[in-house]
$ cat input32.txt   # compact mmCIF, C-alpha atoms
# COMPACT_ATOMS: atom_id res chain seq x y z
CA PRO A 4 -99.03 11.92 82.73
CA HIS A 5 -95.55 11.81 81.27
CA SER A 6 -96.90 12.06 77.73
CA ARG A 7 -98.97 15.05 78.73
CA MET A 8 -95.92 16.73 80.21
CA ARG A 9 -93.92 16.07 77.07
CA TRP A 10 -96.64 17.62 74.90
CA ALA A 11 -96.82 20.60 77.23
CA VAL A 12 -93.06 21.12 76.95
CA VAL A 13 -93.20 20.89 73.14
CA LEU A 14 -96.09 23.33 73.03
CA GLY A 15 -94.22 25.75 75.28
CA VAL A 16 -91.11 25.60 73.10
CA VAL A 17 -93.18 26.24 69.98
CA CYS A 18 -94.94 29.21 71.53
CA ALA A 19 -91.65 30.64 72.79
CA SER A 20 -90.00 30.35 69.38
CA ALA A 21 -93.04 31.94 67.72
CA SER A 22 -92.90 34.88 70.11
CA LEU A 23 -89.21 35.41 69.38
CA THR A 24 -89.73 35.40 65.59
CA PRO A 25 -90.31 39.00 64.40
CA ALA A 26 -93.57 39.58 62.57
CA PRO A 27 -93.22 40.54 58.92
CA ARG A 28 -93.59 44.25 58.31
CA ARG A 29 -96.56 45.40 56.35
CA THR A 30 -95.25 47.22 53.29
CA THR A 31 -97.27 50.28 52.37
CA ASN A 32 -96.87 52.11 49.08
CA LYS A 33 -95.65 55.57 49.93
CA ARG A 34 -97.63 57.09 47.09
CA ARG A 35 -100.89 55.80 48.58
CA LEU A 36 -100.31 57.88 51.68
CA TYR A 37 -100.51 61.17 49.77
CA ASP A 38 -102.59 60.69 46.62
CA GLY A 39 -105.96 60.35 48.34
CA GLY A 40 -106.62 64.09 48.23
CA VAL A 41 -105.60 66.95 46.03
CA THR A 42 -104.72 69.19 48.99
CA GLN A 43 -102.12 66.92 50.62
CA PHE A 44 -98.46 67.58 49.89
CA THR A 45 -95.83 64.86 49.87
CA PRO A 46 -92.66 65.28 51.95
CA GLU A 47 -90.93 66.25 48.71
CA GLY A 48 -93.40 69.11 48.20
CA SER A 49 -95.42 67.79 45.26
CA LEU A 50 -99.11 67.07 44.70
CA TYR A 51 -99.65 63.63 43.23
CA GLN A 52 -103.03 64.54 41.75
CA VAL A 53 -101.42 67.37 39.82
CA ASP A 54 -98.70 64.98 38.69
CA TYR A 55 -101.37 62.59 37.44
CA ALA A 56 -103.00 65.43 35.49
CA VAL A 57 -99.64 66.28 33.90
CA GLU A 58 -99.26 62.62 32.99
CA ALA A 59 -102.68 62.67 31.32
CA VAL A 60 -101.51 65.57 29.15
CA ARG A 61 -98.37 63.63 28.19
CA HIS A 62 -100.56 60.89 26.73
CA ALA A 63 -102.90 63.27 24.88
CA SER A 64 -102.94 64.33 21.25
CA PRO A 65 -100.20 66.95 20.75
CA ALA A 66 -100.41 70.61 19.81
CA CYS A 67 -97.68 73.09 18.97
CA THR A 68 -97.32 76.80 18.21
CA ALA A 69 -94.72 79.20 16.85
CA PHE A 70 -94.28 82.87 16.07
CA LEU A 71 -94.48 84.16 12.54
CA THR A 72 -91.58 86.53 11.85
CA SER A 73 -90.67 88.74 8.91
CA GLU A 74 -87.34 88.89 7.14
CA ASP A 75 -86.10 91.64 9.45
CA GLY A 76 -87.02 89.65 12.57
CA ARG A 77 -90.28 91.38 13.46
CA CYS A 78 -93.13 89.31 14.87
CA ILE A 79 -96.07 89.52 12.47
CA GLY A 80 -98.26 86.65 13.68
CA VAL A 81 -98.61 83.33 15.43
CA VAL A 82 -99.37 79.86 14.10
CA LEU A 83 -101.14 77.03 15.95
CA ALA A 84 -101.26 73.38 14.94
CA ALA A 85 -102.91 70.47 16.73
CA LEU A 86 -103.73 66.80 16.26
CA SER A 87 -107.09 65.37 17.21
CA GLN A 88 -106.92 61.62 17.77
CA SER A 89 -109.79 59.66 19.28
CA SER A 90 -108.90 57.02 21.86
CA LEU A 91 -112.11 55.09 21.12
CA PRO A 92 -112.15 52.14 18.70
CA ARG A 93 -113.63 52.88 15.30
CA ASP A 94 -116.67 50.73 16.04
CA CYS A 95 -117.52 52.88 19.09
CA ARG A 96 -117.27 56.27 17.36
CA LEU A 97 -120.45 58.09 16.46
CA SER A 98 -118.63 60.10 13.80
CA GLU A 99 -115.30 59.94 12.03
CA ALA A 100 -114.95 63.71 12.29
CA PRO A 101 -112.43 64.56 15.06
CA VAL A 102 -113.12 66.93 17.93
CA SER A 103 -111.64 70.35 17.29
CA LYS A 104 -108.51 71.14 19.30
CA ILE A 105 -108.11 74.81 18.26
CA HIS A 106 -110.72 77.35 19.36
CA LEU A 107 -111.25 81.09 19.24
CA VAL A 108 -111.72 82.57 22.70
CA ASP A 109 -112.30 86.14 21.47
CA ASP A 110 -111.72 88.09 18.29
CA HIS A 111 -108.04 88.49 19.17
CA VAL A 112 -107.20 85.27 21.09
CA ALA A 113 -107.06 81.62 20.03
CA CYS A 114 -106.30 78.53 22.10
CA ALA A 115 -105.03 75.03 21.31
CA VAL A 116 -105.66 72.28 23.87
CA ALA A 117 -104.10 68.93 24.73
CA GLY A 118 -105.64 66.63 27.28
CA VAL A 119 -109.11 65.74 28.52
CA THR A 120 -111.51 67.39 26.07
CA PRO A 121 -114.40 68.07 28.51
CA ASP A 122 -111.98 69.77 30.89
CA ALA A 123 -110.74 71.92 28.01
CA MET A 124 -114.30 72.86 27.04
CA ALA A 125 -115.05 73.96 30.61
CA LEU A 126 -111.95 76.16 30.73
CA LEU A 127 -112.69 77.64 27.30
CA ALA A 128 -116.20 78.53 28.42
CA PHE A 129 -114.74 80.25 31.48
CA ALA A 130 -112.20 82.11 29.32
CA ARG A 131 -114.90 83.30 26.92
CA GLU A 132 -117.07 84.52 29.77
CA SER A 133 -114.11 86.42 31.23
CA ALA A 134 -113.33 88.00 27.86
CA GLN A 135 -116.96 89.04 27.35
CA GLU A 136 -117.23 90.47 30.86
CA HIS A 137 -114.06 92.52 30.38
CA ARG A 138 -115.34 93.84 27.05
CA ARG A 139 -118.69 94.76 28.61
CA VAL A 140 -117.16 96.60 31.58
CA TRP A 141 -114.18 98.30 29.93
CA GLY A 142 -115.41 98.58 26.36
CA GLN A 143 -112.31 96.97 24.86
CA PRO A 144 -110.83 93.50 24.31
CA ILE A 145 -109.18 91.86 27.28
CA PRO A 146 -105.35 91.78 27.24
CA VAL A 147 -104.03 88.31 26.49
CA ALA A 148 -101.90 88.11 29.64
CA LEU A 149 -104.84 89.12 31.85
CA LEU A 150 -107.07 86.49 30.27
CA VAL A 151 -104.45 83.80 30.80
CA ARG A 152 -103.98 84.92 34.40
CA ARG A 153 -107.69 84.47 35.10
CA VAL A 154 -107.67 81.00 33.56
CA CYS A 155 -104.62 80.11 35.66
CA ASN A 156 -106.40 81.26 38.81
CA GLN A 157 -109.35 79.04 37.93
CA MET A 158 -107.10 76.03 37.37
CA GLN A 159 -105.06 76.65 40.51
CA ALA A 160 -108.21 76.87 42.65
CA TYR A 161 -108.98 73.25 41.72
CA THR A 162 -105.71 72.14 43.35
CA GLN A 163 -106.35 73.50 46.85
CA HIS A 164 -109.94 72.51 47.70
CA GLY A 165 -111.08 69.09 48.83
CA GLY A 166 -113.57 67.24 46.68
CA LEU A 167 -112.14 68.68 43.46
CA ARG A 168 -109.53 67.47 41.02
CA PRO A 169 -107.12 69.33 38.75
CA PHE A 170 -107.98 69.93 35.11
CA GLY A 171 -106.30 67.28 32.99
CA VAL A 172 -105.47 69.62 30.14
CA ALA A 173 -102.70 71.94 28.96
CA LEU A 174 -103.50 75.10 27.00
CA LEU A 175 -101.62 77.08 24.35
CA PHE A 176 -102.92 80.66 24.19
CA ALA A 177 -101.95 82.78 21.18
CA GLY A 178 -103.21 86.29 20.53
CA TRP A 179 -102.55 89.95 20.02
CA ASP A 180 -103.23 93.06 22.06
CA VAL A 181 -102.22 96.70 21.79
CA ARG A 182 -99.93 96.60 24.80
CA ASP A 183 -97.72 93.59 24.08
CA GLY A 184 -98.42 92.71 20.45
CA PHE A 185 -98.41 89.04 19.50
CA GLN A 186 -98.02 86.65 22.40
CA ILE A 187 -97.89 82.92 23.10
CA LEU A 188 -98.47 81.59 26.61
CA THR A 189 -98.62 77.99 27.82
CA VAL A 190 -100.66 76.86 30.83
CA ASP A 191 -100.08 73.53 32.61
CA PRO A 192 -102.65 71.58 34.69
CA GLY A 193 -101.36 73.15 37.90
CA GLY A 194 -102.26 76.65 36.74
CA ASP A 195 -98.72 77.80 35.97
CA ALA A 196 -98.29 79.99 32.88
CA GLU A 197 -95.15 80.59 30.85
CA GLY A 198 -94.67 83.05 28.01
CA LEU A 199 -92.61 82.47 24.88
CA ALA A 200 -90.07 84.86 23.46
CA PRO A 201 -90.32 85.71 19.75
CA GLY A 202 -88.71 82.99 17.68
CA GLN A 203 -89.37 80.21 20.16
CA VAL A 204 -91.46 77.10 19.56
CA THR A 205 -93.39 75.08 22.13
CA ALA A 206 -95.55 71.97 22.18
CA VAL A 207 -97.76 70.08 24.61
CA GLY A 208 -99.11 66.58 24.61
CA ALA A 209 -97.61 63.26 23.59
CA GLY A 210 -94.05 63.56 22.31
CA ALA A 211 -93.92 67.28 23.08
CA GLU A 212 -90.14 67.42 23.39
CA ASP A 213 -89.56 65.61 20.09
CA ILE A 214 -92.17 67.75 18.33
CA LYS A 215 -90.59 70.92 19.68
CA ARG A 216 -87.12 69.87 18.55
CA LYS A 217 -88.29 68.83 15.08
CA ALA A 218 -90.41 71.97 14.67
CA GLU A 219 -87.45 74.20 15.54
CA ALA A 220 -85.34 72.41 12.95
CA ALA A 221 -88.09 72.71 10.34
CA LEU A 222 -88.49 76.45 10.97
CA GLN A 223 -84.74 76.96 10.76
CA ARG A 224 -84.75 75.33 7.34
CA LEU A 225 -87.72 77.48 6.37
CA ALA A 226 -85.87 80.65 7.43
CA SER A 227 -83.49 80.28 4.50
CA GLU A 228 -86.33 80.31 2.00
CA GLU A 229 -88.10 83.30 0.51
CA ASN A 230 -91.53 82.50 1.98
CA GLN A 231 -90.39 82.32 5.59
CA ASP A 232 -93.01 84.89 6.61
CA SER A 233 -95.87 83.08 4.89
CA PRO A 234 -98.48 81.82 7.36
CA ARG A 235 -99.21 78.84 5.15
CA ALA A 236 -95.53 77.88 4.96
CA VAL A 237 -95.10 77.95 8.73
CA ALA A 238 -98.40 76.14 9.27
CA LYS A 239 -97.36 73.49 6.75
CA ALA A 240 -94.02 73.02 8.50
CA LEU A 241 -95.69 72.51 11.87
CA GLY A 242 -98.37 70.33 10.32
CA ASP A 243 -95.78 68.09 8.68
CA VAL A 244 -94.12 67.54 12.05
CA LEU A 245 -97.43 66.58 13.61
CA ARG A 246 -98.34 64.39 10.64
CA ARG A 247 -95.15 62.40 11.10
CA GLU A 248 -96.10 62.02 14.74
CA GLN A 249 -99.55 60.88 13.63
CA MET A 250 -98.15 58.34 11.17
CA SER A 251 -96.20 56.71 13.98
CA GLN A 252 -99.51 55.89 15.68
CA PRO A 253 -101.60 53.06 14.13
CA ASP A 254 -105.27 53.31 13.17
CA GLN A 255 -105.46 57.07 12.71
CA ALA A 256 -107.34 58.86 9.98
CA GLY A 257 -105.74 61.23 7.54
CA GLY A 258 -106.86 64.60 6.26
CA SER A 259 -106.62 68.10 7.62
CA ILE A 260 -108.51 71.20 8.65
CA GLU A 261 -106.71 74.38 7.64
CA THR A 262 -107.91 77.88 8.42
CA GLU A 263 -106.13 81.20 8.07
CA ARG A 264 -107.33 84.30 9.89
CA GLY A 265 -106.15 87.85 9.31
CA MET A 266 -106.57 91.01 11.37
CA ASP A 267 -109.25 93.38 10.13
CA ASP A 268 -107.71 96.85 10.24
CA ASP A 269 -111.09 98.55 10.66
CA ASN A 270 -112.39 96.83 13.79
CA ASN A 271 -109.25 95.14 15.14
CA LYS A 272 -110.71 91.64 14.96
CA PHE A 273 -109.42 88.39 13.58
CA THR A 274 -111.65 87.59 10.63
CA GLU A 275 -111.68 84.44 8.55
CA THR A 276 -110.13 85.04 5.14
CA ASP A 277 -109.85 81.54 3.74
CA ASP A 278 -111.47 78.30 4.82
CA HIS A 279 -110.65 75.04 3.09
CA GLU A 280 -113.06 72.20 2.79
CA VAL A 281 -113.09 70.19 5.99
CA GLU A 282 -112.10 66.58 5.46
CA THR A 283 -112.22 63.62 7.78
CA GLY A 284 -108.89 63.90 9.56
CA ALA A 285 -107.03 64.88 12.67
CA LEU A 286 -104.84 67.89 11.83
CA GLU A 287 -105.80 71.52 12.43
CA THR A 288 -103.73 74.62 11.68
CA LEU A 289 -104.59 78.23 12.46
CA ALA A 290 -102.60 81.35 11.59
CA LEU A 291 -103.25 84.72 13.26
CA THR A 292 -101.70 87.68 11.47
CA GLY A 293 -102.09 91.42 11.91
CA PRO A 294 -100.36 94.75 12.62
CA LEU A 295 -96.60 94.96 12.99
CA HIS A 296 -95.99 97.87 15.38
CA LYS A 297 -97.77 99.09 18.47
CA ALA A 298 -97.02 102.68 17.43
CA GLU A 299 -98.96 102.21 14.20
CA VAL A 300 -101.84 100.75 16.14
CA PHE A 301 -102.01 103.75 18.47
CA GLU A 302 -102.02 106.12 15.48
CA GLU A 303 -104.79 104.22 13.72
CA ARG A 304 -106.88 103.48 16.81
CA PRO A 305 -106.40 106.15 19.47
CA TRP A 306 -109.55 104.93 21.24
CA PHE A 307 -108.10 101.47 21.77
CA CYS A 308 -106.07 102.35 24.86
CA PRO A 309 -105.89 99.94 27.83
CA LEU A 310 -107.16 101.12 31.20
CA SER A 311 -108.67 104.29 29.73
CA VAL A 312 -111.96 103.87 31.63
CA SER A 313 -112.21 105.34 35.10
CA VAL A 314 -113.08 103.28 38.16
CA ASP A 315 -116.37 105.14 38.66
CA VAL A 316 -117.58 104.21 35.20
CA ALA A 317 -116.56 100.57 35.75
CA ASP A 318 -118.47 100.45 39.05
CA THR A 319 -121.55 101.89 37.37
CA ASP A 320 -121.39 99.26 34.62
CA MET A 321 -121.01 96.51 37.18
CA ARG A 322 -124.20 97.58 38.90
$ encode --input "input32.txt" --output "structure tokens"
Amino acid sequence: PHSRMRWAVVLGVVCASASLTPAPRRTTNKRRLYDGGVTQFTPEGSLYQVDYAVEAVRHASPACTAFLTSEDGRCIGVVLAALSQSSLPRDCRLSEAPVSKIHLVDDHVACAVAGVTPDAMALLAFARESAQEHRRVWGQPIPVALLVRRVCNQMQAYTQHGGLRPFGVALLFAGWDVRDGFQILTVDPGGDAEGLAPGQVTAVGAGAEDIKRKAEAALQRLASEENQDSPRAVAKALGDVLRREQMSQPDQAGGSIETERGMDDDNNKFTETDDHEVETGALETLALTGPLHKAEVFEERPWFCPLSVSVDVADTDMR
């Protein structure tokens, strides 16, 4: 009996000490509480899924763009440059030819992409459909800013509906219209657009800040030369910056794809004027050049006037 009592006392002491010992707290990652859905904000006011999409762009092949200016400071064109680097091992690639990163949306708008390629293709298809619909209804090319706004609305809609995810791609739109002349606009995965002032340079993708800084320095050096307004000179300067970025990455192919497009004064379209032989490589450059003044455009093309079609005619075309 005494031994049983002693064991009962020991067991009671053990149970009492165990009840007094606080249980260890279960640590939960704060990020896991808010990254399950695209529609849930964090207490700091951010969307983790959008942040992940931005991070995907930061690891993608870079692209950059710059304005083409004349000696007197007038904007006479835009230049796009992009790297196309496959993340697959060489043994898994069906072809050594890289996927194109610069595309024509319409006769007056081009786009460079950085990020998930299928997402970019889906957005480019939407942009082309919007441009064609605007041309069918209004009988004139869509303004660049309006086209970018529609693409931004499409991208933003994928950040506020459950079951969807943001587009993991950033876009560089470059084009010309009669209202605003040459323009460059950047679009991030969240659907936010930002326009560039003449003379500025921007880049998206891996090492975007370094590429932007080096491209600005290269264009400043080019400004002191006689061929500062040459599309090929500016494209070469941007391409050299991207090539150096490419050389810093192992197991990447060389070569380039260079295309120059000029504005056709008769039909106001960007037409291909020179196309070099396409080699196995990862660099693309595209130069869009055209008219210098909006006043000259109005004199040459009085029919090309934005918003010149009445609402009744537009409604009839829609039906």
$ closest_residue --input "input32.txt" --among "A:Glu248, A:Asp191, A:Glu132, A:Glu74" --to "Pro169 in chain A" --atoms "all atoms listed in the file"
A:Asp191
$ closest_residue --input "input32.txt" --among "A:Ala211, A:Ala113, A:Leu50, A:Val237" --to "Thr72 in chain A" --atoms "only C-alpha atoms"
A:Val237
$ residues_near_point --input "input32.txt" --point "(-91.6, 66.0, 13.6)" --cutoff "7 Å" --atoms "only C-alpha atoms" --output "ChimeraX atom specification"
/A:213-214,217-218,243-245,247-248
$ closest_residue --input "input32.txt" --among "A:Ala66, A:Ala160, A:Ser233, A:Ser49" --to "Thr288 in chain A" --atoms "all atoms listed in the file"
A:Ala66
$ residues_around --input "input32.txt" --residues "Gly165 in chain A" --least-positions-apart "3" --cutoff "7 Å" --atoms "only C-alpha atoms" --output "VMD selection string"
chain A and resid 40 to 42
$ atom_distance --input "input32.txt" --atom1 "CA of Leu127 in chain A" --atom2 "CA of Arg139 in chain A"
18.2 Å
$ atom_distance --input "input32.txt" --atom1 "CA of Asp195 in chain A" --atom2 "CA of Ala285 in chain A"
27.9 Å
$ atom_distance --input "input32.txt" --atom1 "CA of Cys67 in chain A" --atom2 "CA of Met124 in chain A"
18.5 Å
$ residues_around --input "input32.txt" --residues "Leu86 in chain A" --least-positions-apart "5" --cutoff "9 Å" --atoms "all atoms listed in the file" --output "short mmCIF file (atom, residue, chain, number, x, y, z; two decimals) with C-alpha atoms, keeping the file's coordinate frame"
data_model
loop_
_atom_site.label_atom_id
_atom_site.label_comp_id
_atom_site.auth_asym_id
_atom_site.auth_seq_id
_atom_site.Cartn_x
_atom_site.Cartn_y
_atom_site.Cartn_z
CA SER A 64 -102.94 64.33 21.25
CA PRO A 65 -100.20 66.95 20.75
CA ALA A 66 -100.41 70.61 19.81
CA SER A 103 -111.64 70.35 17.29
CA LYS A 104 -108.51 71.14 19.30
CA ALA A 117 -104.10 68.93 24.73
CA GLY A 242 -98.37 70.33 10.32
CA LEU A 245 -97.43 66.58 13.61
CA ARG A 246 -98.34 64.39 10.64
CA GLN A 249 -99.55 60.88 13.63
CA GLY A 284 -108.89 63.90 9.56
CA ALA A 285 -107.03 64.88 12.67
CA LEU A 286 -104.84 67.89 11.83
CA GLU A 287 -105.80 71.52 12.43
#
$ closest_residue --input "input32.txt" --among "A:Gly39, A:Gly80, A:Pro192, A:Pro146" --to "Leu126 in chain A" --atoms "all atoms listed in the file"
A:Pro192
$ closest_residue --input "input32.txt" --among "A:Pro234, A:Gly208, A:Gly76, A:Gly184" --to "Val57 in chain A" --atoms "only C-alpha atoms"
A:Gly208
$ closest_residue --input "input32.txt" --among "A:Asp110, A:Val102, A:Pro121, A:Leu199" --to "Phe185 in chain A" --atoms "all atoms listed in the file"
A:Leu199
